[in-house]
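start.pdb follows; it contains PDB, C-alpha atoms.
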ATOM      1  CA  MET A   1      32.384  11.017   1.954
ATOM      2  CA  GLU A   2      30.712   9.735  -1.217
ATOM      3  CA  ARG A   3      28.492   7.396   0.800
ATOM      4  CA  ARG A   4      27.418  10.256   3.063
ATOM      5  CA  LYS A   5      26.647  12.406   0.028
ATOM      6  CA  ARG A   6      24.549   9.640  -1.510
ATOM      7  CA  ILE A   7      22.563   9.204   1.723
ATOM      8  CA  GLU A   8      21.797  12.938   1.756
ATOM      9  CA  GLU A   9      20.798  12.901  -1.919
ATOM     10  CA  LYS A  10      18.071  10.394  -1.108
ATOM     11  CA  ARG A  11      16.549  12.938   1.269
ATOM     12  CA  THR A  12      16.924  15.926  -1.081
ATOM     13  CA  TYR A  13      14.268  17.495  -3.298
ATOM     14  CA  THR A  14      15.048  20.344  -5.716
ATOM     15  CA  TYR A  15      12.712  22.797  -7.442
ATOM     16  CA  HIS A  16      13.089  25.663  -9.918
ATOM     17  CA  TYR A  17      10.636  28.501  -9.390
ATOM     18  CA  LYS A  18       9.245  29.622 -12.776
ATOM     19  CA  GLN A  19       6.279  31.758 -11.755
ATOM     20  CA  SER A  20       6.278  35.510 -12.382
ATOM     21  CA  ASP A  21       4.556  36.425  -9.119
ATOM     22  CA  SER A  22       6.444  36.216  -5.839
ATOM     23  CA  GLN A  23       5.258  33.562  -3.372
ATOM     24  CA  ARG A  24       6.273  32.349   0.074
ATOM     25  CA  ILE A  25       8.281  29.130   0.042
ATOM     26  CA  GLN A  26       5.851  27.278   2.300
ATOM     27  CA  ASP A  27       2.827  28.306   0.219
ATOM     28  CA  TYR A  28       4.555  27.153  -2.960
ATOM     29  CA  LEU A  29       5.542  23.766  -1.516
ATOM     30  CA  ILE A  30       2.151  23.120   0.065
ATOM     31  CA  GLN A  31       0.127  24.097  -3.014
ATOM     32  CA  GLU A  32       2.330  22.638  -5.742
ATOM     33  CA  TYR A  33       4.034  19.655  -4.126
ATOM     34  CA  ARG A  34       1.751  18.537  -1.267
ATOM     35  CA  TYR A  35       4.078  19.328   1.639
ATOM     36  CA  SER A  36       2.464  19.933   5.012
ATOM     37  CA  SER A  37       3.153  22.854   7.342
ATOM     38  CA  ARG A  38       4.174  20.419  10.080
ATOM     39  CA  LEU A  39       6.703  18.690   7.837
ATOM     40  CA  LEU A  40       8.219  22.009   6.773
ATOM     41  CA  ARG A  41       8.709  22.960  10.426
ATOM     42  CA  GLN A  42      10.524  19.669  10.982
ATOM     43  CA  VAL A  43      12.592  20.216   7.860
ATOM     44  CA  LYS A  44      13.729  23.624   9.069
ATOM     45  CA  LYS A  45      14.543  22.269  12.531
ATOM     46  CA  ASN A  46      16.343  19.048  11.587
ATOM     47  CA  GLY A  47      16.924  19.188   7.842
ATOM     48  CA  GLY A  48      17.365  22.233   5.657
ATOM     49  CA  ILE A  49      15.659  24.728   3.333
ATOM     50  CA  PHE A  50      17.995  26.423   0.852
ATOM     51  CA  LYS A  51      17.282  29.083  -1.749
ATOM     52  CA  ASN A  52      20.060  29.523  -4.285
ATOM     53  CA  ASP A  53      22.288  27.469  -1.921
ATOM     54  CA  LYS A  54      21.697  29.756   1.071
ATOM     55  CA  PRO A  55      19.673  28.684   4.149
ATOM     56  CA  VAL A  56      16.301  30.416   4.369
ATOM     57  CA  TRP A  57      13.017  30.238   6.291
ATOM     58  CA  ALA A  58       9.857  28.652   4.921
ATOM     59  CA  THR A  59       8.195  32.070   5.132
ATOM     60  CA  ASP A  60      10.792  33.703   2.870
ATOM     61  CA  PRO A  61       9.676  34.765  -0.637
ATOM     62  CA  LEU A  62      10.498  33.177  -3.964
ATOM     63  CA  LYS A  63      10.975  35.050  -7.209
ATOM     64  CA  LYS A  64      11.218  33.794 -10.763
ATOM     65  CA  GLY A  65      14.442  31.882 -11.402
ATOM     66  CA  ASP A  66      15.114  30.894  -7.781
ATOM     67  CA  ASN A  67      16.394  27.389  -7.095
ATOM     68  CA  LEU A  68      15.009  25.691  -4.020
ATOM     69  CA  ARG A  69      16.530  22.708  -2.226
ATOM     70  CA  ILE A  70      14.797  20.794   0.560
ATOM     71  CA  ILE A  71      16.782  18.338   2.690
ATOM     72  CA  LEU A  72      14.548  16.123   4.800
ATOM     73  CA  PRO A  73      15.572  15.230   8.379
ATOM     74  CA  GLU A  74      17.721  12.140   8.787
ATOM     75  CA  GLU A  75      15.902   9.271  10.492
ATOM     76  CA  THR A  76      16.667   5.878  11.998
ATOM     77  CA  VAL A  77      14.893   2.557  11.551
ATOM     78  CA  ASP A  78      12.159   2.438  14.209
ATOM     79  CA  VAL A  79      11.385  -1.320  14.233
ATOM     80  CA  SER A  80      13.469  -4.157  15.660
ATOM     81  CA  PRO A  81      15.004  -6.293  12.892
ATOM     82  CA  ASN A  82      14.316  -9.943  12.129
ATOM     83  CA  TYR A  83      15.699 -11.689   9.093
ATOM     84  CA  GLY A  84      13.060 -12.794   6.603
ATOM     85  CA  ARG A  85      13.122 -13.199   2.834
ATOM     86  CA  LEU A  86      11.630 -10.262   0.967
ATOM     87  CA  ASP A  87      10.124 -10.674  -2.487
ATOM     88  CA  ILE A  88      11.065  -7.205  -3.768
ATOM     89  CA  LEU A  89       9.151  -5.963  -6.810
ATOM     90  CA  TYR A  90      10.411  -2.369  -7.007
ATOM     91  CA  GLU A  91      12.712  -0.062  -5.071
ATOM     92  CA  ASP A  92      14.083   3.446  -5.464
ATOM     93  CA  ASP A  93      15.005   6.349  -3.162
ATOM     94  CA  GLU A  94      11.380   6.932  -2.204
ATOM     95  CA  VAL A  95       9.593   3.578  -1.851
ATOM     96  CA  LEU A  96      10.068  -0.136  -1.379
ATOM     97  CA  ILE A  97       7.379  -2.379  -2.896
ATOM     98  CA  VAL A  98       7.234  -6.056  -1.974
ATOM     99  CA  ASN A  99       5.104  -9.088  -2.813
ATOM    100  CA  LYS A 100       4.051 -10.167   0.690
ATOM    101  CA  ASN A 101       3.919 -13.865   1.514
ATOM    102  CA  LYS A 102       1.052 -15.614   3.282
ATOM    103  CA  ASN A 103       1.166 -16.152   7.058
ATOM    104  CA  CYS A 104       2.912 -12.804   7.471
ATOM    105  CA  VAL A 105       1.533  -9.959   9.590
ATOM    106  CA  THR A 106       2.229  -6.609   7.927
ATOM    107  CA  HIS A 107       3.102  -4.499  10.974
ATOM    108  CA  GLN A 108       3.796  -5.084  14.650
ATOM    109  CA  THR A 109       0.819  -5.543  16.966
ATOM    110  CA  LYS A 110       0.439  -6.370  20.635
ATOM    111  CA  ASN A 111       0.496 -10.081  19.826
ATOM    112  CA  HIS A 112       2.985  -9.926  16.952
ATOM    113  CA  GLN A 113       6.179  -8.115  17.880
ATOM    114  CA  GLU A 114       8.552 -10.247  15.800
ATOM    115  CA  ASN A 115       8.661 -11.853  12.361
ATOM    116  CA  THR A 116       6.302  -9.322  10.821
ATOM    117  CA  LEU A 117       6.885  -7.739   7.436
ATOM    118  CA  ALA A 118       7.988  -4.598   9.269
ATOM    119  CA  ASN A 119      10.681  -6.584  11.122
ATOM    120  CA  TYR A 120      11.939  -8.065   7.842
ATOM    121  CA  ILE A 121      12.089  -4.649   6.202
ATOM    122  CA  ALA A 122      13.944  -3.235   9.214
ATOM    123  CA  ASP A 123      16.582  -5.956   8.835
ATOM    124  CA  TYR A 124      16.896  -5.278   5.097
ATOM    125  CA  TRP A 125      17.185  -1.521   5.586
ATOM    126  CA  LEU A 126      19.770  -1.761   8.356
ATOM    127  CA  LYS A 127      21.927  -4.041   6.213
ATOM    128  CA  ASN A 128      21.652  -1.589   3.323
ATOM    129  CA  GLU A 129      22.223   1.524   5.473
ATOM    130  CA  GLU A 130      18.743   2.857   4.722
ATOM    131  CA  LYS A 131      18.081   5.620   7.262
ATOM    132  CA  SER A 132      14.299   5.591   7.306
ATOM    133  CA  LYS A 133      11.380   4.903   9.542
ATOM    134  CA  ILE A 134       9.007   2.257   8.229
ATOM    135  CA  ARG A 135       5.826   3.882   6.933
ATOM    136  CA  PHE A 136       3.334   1.608   5.189
ATOM    137  CA  ILE A 137       1.231   3.101   2.404
ATOM    138  CA  ASN A 138      -1.091   0.086   2.447
ATOM    139  CA  ARG A 139      -1.496  -3.021   4.594
ATOM    140  CA  LEU A 140      -2.750  -6.523   3.924
ATOM    141  CA  ASP A 141      -4.355  -9.118   6.157
ATOM    142  CA  ARG A 142      -2.018 -11.789   7.458
ATOM    143  CA  ASP A 143      -2.976 -14.356   4.808
ATOM    144  CA  THR A 144      -3.617 -12.023   1.890
ATOM    145  CA  THR A 145      -0.590 -12.012  -0.396
ATOM    146  CA  GLY A 146       0.638  -9.377  -2.799
ATOM    147  CA  ILE A 147       1.687  -5.776  -3.055
ATOM    148  CA  VAL A 148       2.672  -3.756   0.003
ATOM    149  CA  VAL A 149       4.210  -0.300  -0.430
ATOM    150  CA  VAL A 150       6.542   1.294   2.124
ATOM    151  CA  ALA A 151       7.524   4.977   2.007
ATOM    152  CA  LYS A 152      11.153   5.809   2.760
ATOM    153  CA  ASN A 153      10.487   9.258   4.179
ATOM    154  CA  LYS A 154       7.689  11.262   5.740
ATOM    155  CA  TYR A 155       7.227  13.480   2.698
ATOM    156  CA  VAL A 156       6.657  10.560   0.312
ATOM    157  CA  HIS A 157       4.201   9.008   2.766
ATOM    158  CA  HIS A 158       2.215  12.262   3.027
ATOM    159  CA  PHE A 159       2.444  12.888  -0.746
ATOM    160  CA  ILE A 160       0.910   9.514  -1.638
ATOM    161  CA  GLN A 161      -1.647   9.495   1.183
ATOM    162  CA  SER A 162      -2.886  12.955   0.217
ATOM    163  CA  GLN A 163      -3.785  11.765  -3.275
ATOM    164  CA  MET A 164      -5.123   8.266  -2.645
ATOM    165  CA  GLU A 165      -7.868   8.946  -5.176
ATOM    166  CA  ASP A 166      -5.075   8.854  -7.766
ATOM    167  CA  THR A 167      -3.787   5.489  -6.534
ATOM    168  CA  THR A 168      -5.240   2.409  -8.255
ATOM    169  CA  LYS A 169      -5.124  -1.045  -6.661
ATOM    170  CA  THR A 170      -6.379  -4.294  -8.131
ATOM    171  CA  TYR A 171      -6.738  -7.717  -6.539
ATOM    172  CA  VAL A 172      -7.349 -11.262  -7.728
ATOM    173  CA  ALA A 173      -9.733 -13.532  -5.805
ATOM    174  CA  MET A 174     -10.897 -17.085  -6.378
ATOM    175  CA  VAL A 175     -14.442 -17.375  -5.072
ATOM    176  CA  GLU A 176     -17.323 -19.781  -4.563
ATOM    177  CA  GLY A 177     -20.139 -19.236  -7.057
ATOM    178  CA  TYR A 178     -20.662 -16.974 -10.065
ATOM    179  CA  PRO A 179     -21.571 -13.288  -9.679
ATOM    180  CA  GLN A 180     -24.915 -12.328 -11.231
ATOM    181  CA  SER A 181     -23.194 -10.210 -13.886
ATOM    182  CA  GLU A 182     -19.794 -10.271 -15.581
ATOM    183  CA  THR A 183     -18.907  -6.840 -14.191
ATOM    184  CA  GLY A 184     -20.351  -4.820 -11.381
ATOM    185  CA  LEU A 185     -20.022  -2.338  -8.546
ATOM    186  CA  ILE A 186     -20.613  -3.444  -4.971
ATOM    187  CA  ASP A 187     -21.824  -0.432  -2.998
ATOM    188  CA  ALA A 188     -22.430  -1.675   0.553
ATOM    189  CA  PRO A 189     -21.464   0.011   3.863
ATOM    190  CA  ILE A 190     -19.267  -1.947   6.252
ATOM    191  CA  ALA A 191     -19.280  -1.955  10.065
ATOM    192  CA  ARG A 192     -17.907  -4.099  12.883
ATOM    193  CA  LEU A 193     -20.018  -7.128  13.744
ATOM    194  CA  GLU A 194     -19.664  -6.169  17.425
ATOM    195  CA  GLU A 195     -17.769  -3.411  19.211
ATOM    196  CA  ASN A 196     -14.618  -5.447  19.904
ATOM    197  CA  SER A 197     -14.938  -7.958  17.061
ATOM    198  CA  ILE A 198     -12.410  -8.242  14.234
ATOM    199  CA  GLN A 199     -15.211  -9.435  11.962
ATOM    200  CA  ARG A 200     -16.994  -6.965   9.702
ATOM    201  CA  VAL A 201     -20.470  -7.070   8.155
ATOM    202  CA  VAL A 202     -22.495  -5.126   5.644
ATOM    203  CA  SER A 203     -24.630  -2.780   7.727
ATOM    204  CA  PRO A 204     -26.490   0.503   7.158
ATOM    205  CA  LYS A 205     -24.640   1.750  10.253
ATOM    206  CA  GLY A 206     -21.281   1.274   8.571
ATOM    207  CA  LYS A 207     -19.054   3.454   6.418
ATOM    208  CA  ARG A 208     -19.606   3.512   2.681
ATOM    209  CA  ALA A 209     -17.514   0.947   0.806
ATOM    210  CA  LEU A 210     -17.154   0.551  -2.962
ATOM    211  CA  THR A 211     -15.664  -2.363  -4.878
ATOM    212  CA  GLU A 212     -15.580  -2.906  -8.641
ATOM    213  CA  TYR A 213     -15.323  -6.468  -9.929
ATOM    214  CA  ARG A 214     -14.893  -8.281 -13.235
ATOM    215  CA  VAL A 215     -15.218 -12.012 -13.860
ATOM    216  CA  VAL A 216     -12.024 -13.357 -15.444
ATOM    217  CA  GLU A 217     -12.725 -17.093 -15.426
ATOM    218  CA  ASN A 218     -15.626 -19.383 -14.549
ATOM    219  CA  TYR A 219     -14.942 -22.977 -13.496
ATOM    220  CA  ASP A 220     -17.096 -26.072 -13.936
ATOM    221  CA  ASP A 221     -17.386 -26.720 -10.197
ATOM    222  CA  GLY A 222     -19.287 -23.456  -9.720
ATOM    223  CA  SER A 223     -16.389 -21.240  -8.645
ATOM    224  CA  SER A 224     -14.792 -18.311 -10.437
ATOM    225  CA  LEU A 225     -11.797 -16.002 -10.585
ATOM    226  CA  LEU A 226     -12.449 -12.284 -10.169
ATOM    227  CA  ARG A 227     -10.362  -9.186 -10.640
ATOM    228  CA  LEU A 228     -11.288  -6.519  -8.103
ATOM    229  CA  ARG A 229     -10.611  -2.820  -7.755
ATOM    230  CA  LEU A 230     -10.824  -1.061  -4.401
ATOM    231  CA  LEU A 231     -12.487   2.340  -4.560
ATOM    232  CA  THR A 232     -12.464   2.690  -0.772
ATOM    233  CA  GLY A 233     -10.259   1.071   1.838
ATOM    234  CA  ARG A 234     -12.330  -0.465   4.630
ATOM    235  CA  THR A 235     -11.000  -3.278   6.807
ATOM    236  CA  HIS A 236     -11.749  -6.695   5.233
ATOM    237  CA  GLN A 237     -13.628  -4.855   2.473
ATOM    238  CA  LEU A 238     -13.122  -7.376  -0.331
ATOM    239  CA  ARG A 239     -13.783 -10.366   1.890
ATOM    240  CA  VAL A 240     -16.998  -8.852   3.268
ATOM    241  CA  HIS A 241     -18.253  -7.600  -0.102
ATOM    242  CA  LEU A 242     -17.721 -10.940  -1.812
ATOM    243  CA  GLN A 243     -19.549 -12.739   0.967
ATOM    244  CA  HIS A 244     -22.326 -10.153   0.588
ATOM    245  CA  ILE A 245     -22.914 -11.095  -3.074
ATOM    246  CA  ASP A 246     -22.850 -14.808  -2.177
ATOM    247  CA  CYS A 247     -19.405 -15.354  -3.649
ATOM    248  CA  PRO A 248     -17.169 -15.815  -0.574
ATOM    249  CA  ILE A 249     -13.466 -16.228  -1.152
ATOM    250  CA  ILE A 250     -12.277 -19.824  -1.314
ATOM    251  CA  GLY A 251     -10.459 -20.783   1.882
ATOM    252  CA  ASP A 252     -11.554 -17.693   3.834
ATOM    253  CA  PRO A 253     -11.810 -18.905   7.453
ATOM    254  CA  LEU A 254     -13.807 -15.878   8.602
ATOM    255  CA  TYR A 255     -16.247 -15.089   5.812
ATOM    256  CA  ASN A 256     -16.708 -18.367   3.921
ATOM    257  CA  THR A 257     -19.249 -20.538   5.740
ATOM    258  CA  LEU A 258     -19.709 -23.026   2.901
ATOM    259  CA  GLY A 259     -17.248 -25.459   4.438
ATOM    260  CA  ASN A 260     -15.329 -26.189   1.232
ATOM    261  CA  LYS A 261     -12.332 -28.481   1.165
ATOM    262  CA  ALA A 262     -10.212 -26.383  -1.135
ATOM    263  CA  PRO A 263      -6.497 -27.273  -1.015
ATOM    264  CA  ILE A 264      -5.456 -23.864   0.241
ATOM    265  CA  ASP A 265      -4.929 -22.927   3.882
ATOM    266  CA  ARG A 266      -5.900 -19.266   3.620
ATOM    267  CA  GLN A 267      -8.203 -16.930   1.716
ATOM    268  CA  ALA A 268      -7.412 -17.041  -2.008
ATOM    269  CA  LEU A 269      -6.904 -13.284  -2.260
ATOM    270  CA  HIS A 270      -3.910 -11.518  -3.799
ATOM    271  CA  ALA A 271      -3.055  -7.814  -4.254
ATOM    272  CA  GLU A 272      -1.953  -7.913  -7.879
ATOM    273  CA  THR A 273      -1.240  -4.374  -9.117
ATOM    274  CA  ILE A 274      -0.777  -0.827  -7.926
ATOM    275  CA  ALA A 275      -0.398   2.409  -9.848
ATOM    276  CA  LEU A 276       0.674   5.508  -7.946
ATOM    277  CA  THR A 277       2.545   8.766  -8.349
ATOM    278  CA  LEU A 278       5.839   9.526  -6.595
ATOM    279  CA  PRO A 279       7.371  12.987  -6.108
ATOM    280  CA  LYS A 280      10.616  12.219  -7.989
ATOM    281  CA  LYS A 281       9.804   9.297 -10.254
ATOM    282  CA  GLY A 282       6.297  10.298 -11.239
ATOM    283  CA  ARG A 283       3.773   7.637 -12.225
ATOM    284  CA  ILE A 284       4.730   4.003 -11.673
ATOM    285  CA  GLU A 285       2.810   0.746 -12.073
ATOM    286  CA  VAL A 286       3.862  -2.464 -10.336
ATOM    287  CA  PHE A 287       2.622  -6.025 -10.868
ATOM    288  CA  ALA A 288       2.896  -8.869  -8.326
ATOM    289  CA  PRO A 289       2.643 -12.424  -9.695
ATOM    290  CA  LEU A 290       0.469 -14.935  -7.845
ATOM    291  CA  LYS A 291       2.044 -16.991  -5.075
ATOM    292  CA  SER A 292       2.476 -20.725  -5.631
ATOM    293  CA  ASP A 293      -0.557 -21.835  -3.608
ATOM    294  CA  MET A 294      -2.947 -19.734  -5.690
ATOM    295  CA  ILE A 295      -1.292 -20.909  -8.907
ATOM    296  CA  THR A 296      -1.887 -24.488  -7.766
ATOM    297  CA  LEU A 297      -5.482 -23.744  -6.791
ATOM    298  CA  ARG A 298      -6.225 -22.159 -10.173
ATOM    299  CA  LYS A 299      -4.786 -25.190 -11.944
ATOM    300  CA  LEU A 300      -7.034 -27.498  -9.918
ATOM    301  CA  LEU A 301     -10.076 -25.322 -10.605
ATOM    302  CA  ILE A 302      -9.390 -25.419 -14.329
ATOM    303  CA  GLU A 303      -9.028 -29.184 -14.154
ATOM    304  CA  GLY A 304     -12.228 -29.487 -12.090
ATOM    305  CA  ASP A 305     -10.465 -31.078  -9.113
ATOM    306  CA  LYS A 306     -10.729 -28.506  -6.350
ATOM    307  CA  CYS A 307     -12.077 -30.655  -3.524
ATOM    308  CA  GLU A 308     -10.768 -33.792  -1.905
TER     309      GLU A 308
END
So that I can check it, write out the structure of this file as structure tokens.
Amino acid sequence: MERRKRIEEKRTYTYHYKQSDSQRIQDYLIQEYRYSSRLLRQVKKNGGIFKNDKPVWATDPLKKGDNLRIILPEETVDVSPNYGRLDILYEDDEVLIVNKNKNCVTHQTKNHQENTLANYIADYWLKNEEKSKIRFINRLDRDTTGIVVVAKNKYVHHFIQSQMEDTTKTYVAMVEGYPQSETGLIDAPIARLEENSIQRVVSPKGKRALTEYRVVENYDDGSSLLRLRLLTGRTHQLRVHLQHIDCPIIGDPLYNTLGNKAPIDRQALHAETIALTLPKKGRIEVFAPLKSDMITLRKLLIEGDKCE
């Protein structure tokens, strides 16, 4: 009984209506708490809307002093499970945040149905009786390491996605060359190289893409370490933008044509921090330490011994 109650609590959101003017429940939730009309219909059908502990419709009015309780629909894990070690950075009732390893596809694709991050999370959630679909807030390329955020219910996913301008993400990259200035903004549109190509290029036909950068360290061999902030979220944005300013990421097999012999078997790119707002918890900031291969690479760069 207690376990069942705890599971329901995870899906429950409570509000106290303090406004003097009367307002419909759905208008209040949409305007103040970023619900969607579609979600509220699903809540009424498979969850529950309660005003002062009595079931009501989303179109019913609220008056000052009313207590509102929303119970989200119960879900089931929607991905087949595979065991894989998760480097968990943060977890609560609303999100799971992990430090993704290299050589790990984030979500299932036609060619990757097993041993993806989604499969590992499914296994972890099933073992911990987490009744949630897997909804990624952000995704990383297979060999980019670092922060990946997963929402535990549809409301949290919509809440965060609807205010992405309030979400801050920073990355660390080790690159060939030195940027022309210590800090800068790369404002260059990105498009596919060809219609069916995975490769992207800077092109006037593309969508606008913005990346801020700051030089953290310069190394004697002509490479550097940058901290980057994504202002837009285009596919391969950081990799393309850094190539565009003649500072391709060390080890990048797609966008680094310099043919370096760096002792790293993937692009030296890591999603380091994220700051975002959750419905219950409010503002959180999470930091992901570098993986061992990038720590080793940085040490070699400092020592001036990057190449064989």
Applying the PyMOL selection byres ((chain A and resi 264) around 8) to the file I just gave you, which residues come out? Please list them as a short mmCIF file (atom, residue, chain, number, x, y, z; two decimals) with C-alpha atoms, in the frame of the given file.
data_model
loop_
_atom_site.label_atom_id
_atom_site.label_comp_id
_atom_site.auth_asym_id
_atom_site.auth_seq_id
_atom_site.Cartn_x
_atom_site.Cartn_y
_atom_site.Cartn_z
CA GLY A 251 -10.46 -20.78 1.88
CA ALA A 262 -10.21 -26.38 -1.14
CA PRO A 263 -6.50 -27.27 -1.01
CA ASP A 265 -4.93 -22.93 3.88
CA ARG A 266 -5.90 -19.27 3.62
CA GLN A 267 -8.20 -16.93 1.72
CA ALA A 268 -7.41 -17.04 -2.01
CA ASP A 293 -0.56 -21.84 -3.61
CA MET A 294 -2.95 -19.73 -5.69
CA LEU A 297 -5.48 -23.74 -6.79
#
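Take atom CA of Phe136 of chain A and atom CA of Ala271 of chain A: the distance between them is 14.8 Å.
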Return as a ChimeraX atom specification the set of residues that the PyMOL selection byres ((chain A and resi 286-289) around 12) yields on the displayed structure. /A:87-91,95-101,145-149,167-172,270-277,283-285,290-295
Go ahead and fit an axis-aligned box to every listed atom of segment 276-295 of chain A plus 5 Å each side, and pass me the centre and edge lengths in Å, one decimal, as AutoDock Vina command-line options.
--center_x 3.8 --center_y -4.4 --center_z -7.9 --size_x 23.6 --size_y 44.8 --size_z 18.6
Using only C-alpha atoms, which residues sit within 7 Å of Leu117 of chain A once same-chain residues fewer than 4 positions away are excluded, as a PyMOL selection string? chain A and resi 104-107+121
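Distances from A:Lys299, A:Arg85, A:His16, A:Lys205 to Asp66 of chain A were compared using only C-alpha atoms, and the smallest one belongs to A:His16.
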So that I can check the surroundings of segment 236-239 of chain A, please list as a count of residues only every protein, DNA and RNA residue that reaches within 7 Å of it, counting only C-alpha atoms and ignoring chain neighbours fewer than 2 positions away. 9
Between atom CA of Phe50 of chain A and atom CA of Leu72 of chain A, distance in Å (one decimal):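 Calculated distance between atom CA of Phe50 of chain A and atom CA of Leu72 of chain A is 11.6 Å.
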Test item: residues at most 9 Å from Pro73 of chain A, all atoms listed in the file, excluding those fewer than 6 positions along its chain, as number ranges by chain: A: 11, 42-48, 153
Translate the PyMOL selection byres ((chain A and resi 209) around 7) into a concrete residue list for this structure, as a list in words.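 Here the PyMOL selection byres ((chain A and resi 209) around 7) matches Asp187, Ala188, Pro189, Ile190, Lys207, Arg208, Leu210, Thr211, Thr232 and Arg234 of chain A.
Polymer residues near (-22.5, -7.9, 9.9): counting only C-alpha atoms with a cut-off of 8 Å, they are A:Ile190, A:Ala191, A:Arg192, A:Leu193, A:Gln199, A:Arg200, A:Val201, A:Val202, A:Ser203.
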Residue among A:Leu254, A:Leu300, A:Leu278, A:Leu269 lying closest to Ile160 of chain A, counting all atoms listed in the file: A:Leu278
Using atom CA of Asn111 of chain A and atom CA of Asp143 of chain A as the two end points, give the distance in Å to one decimal.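 Result for atom CA of Asn111 of chain A versus atom CA of Asp143 of chain A: 16.0 Å, one decimal.
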Find the residues near segment 27-31 of chain A: any atom within 9 Å, counting all atoms listed in the file, skip ones fewer than 3 places away on the same chain, and give them as a PyMOL selection string. chain A and resi 17+23-24+34-37+40+58-59+62
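Ranking A:Leu126, A:Tyr83, A:Arg227, A:Ile49 by their shortest atom-to-atom distance to Leu68 of chain A, with only C-alpha atoms included, puts A:Ile49 first.
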Selected residue, from A:Glu8, A:Ile70, A:Gly206, A:Leu39, that lies nearest to Tyr155 of chain A when counting only C-alpha atoms: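 Ranked by minimum distance to Tyr155 of chain A, first place goes to A:Leu39.
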Compile the contact shell of Pro179 of chain A as a count of residues only: residues with an atom at most 12 Å away, counting all atoms listed in the file, same-chain residues fewer than 6 positions apart removed. 22
Taking all atoms listed in the file into account, name the residue in A:Lys133, A:Lys51, A:Lys127, A:Arg6 that is nearest to Asn82 of chain A.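 Counting all atoms listed in the file, the residue closest to Asn82 of chain A is A:Lys127.
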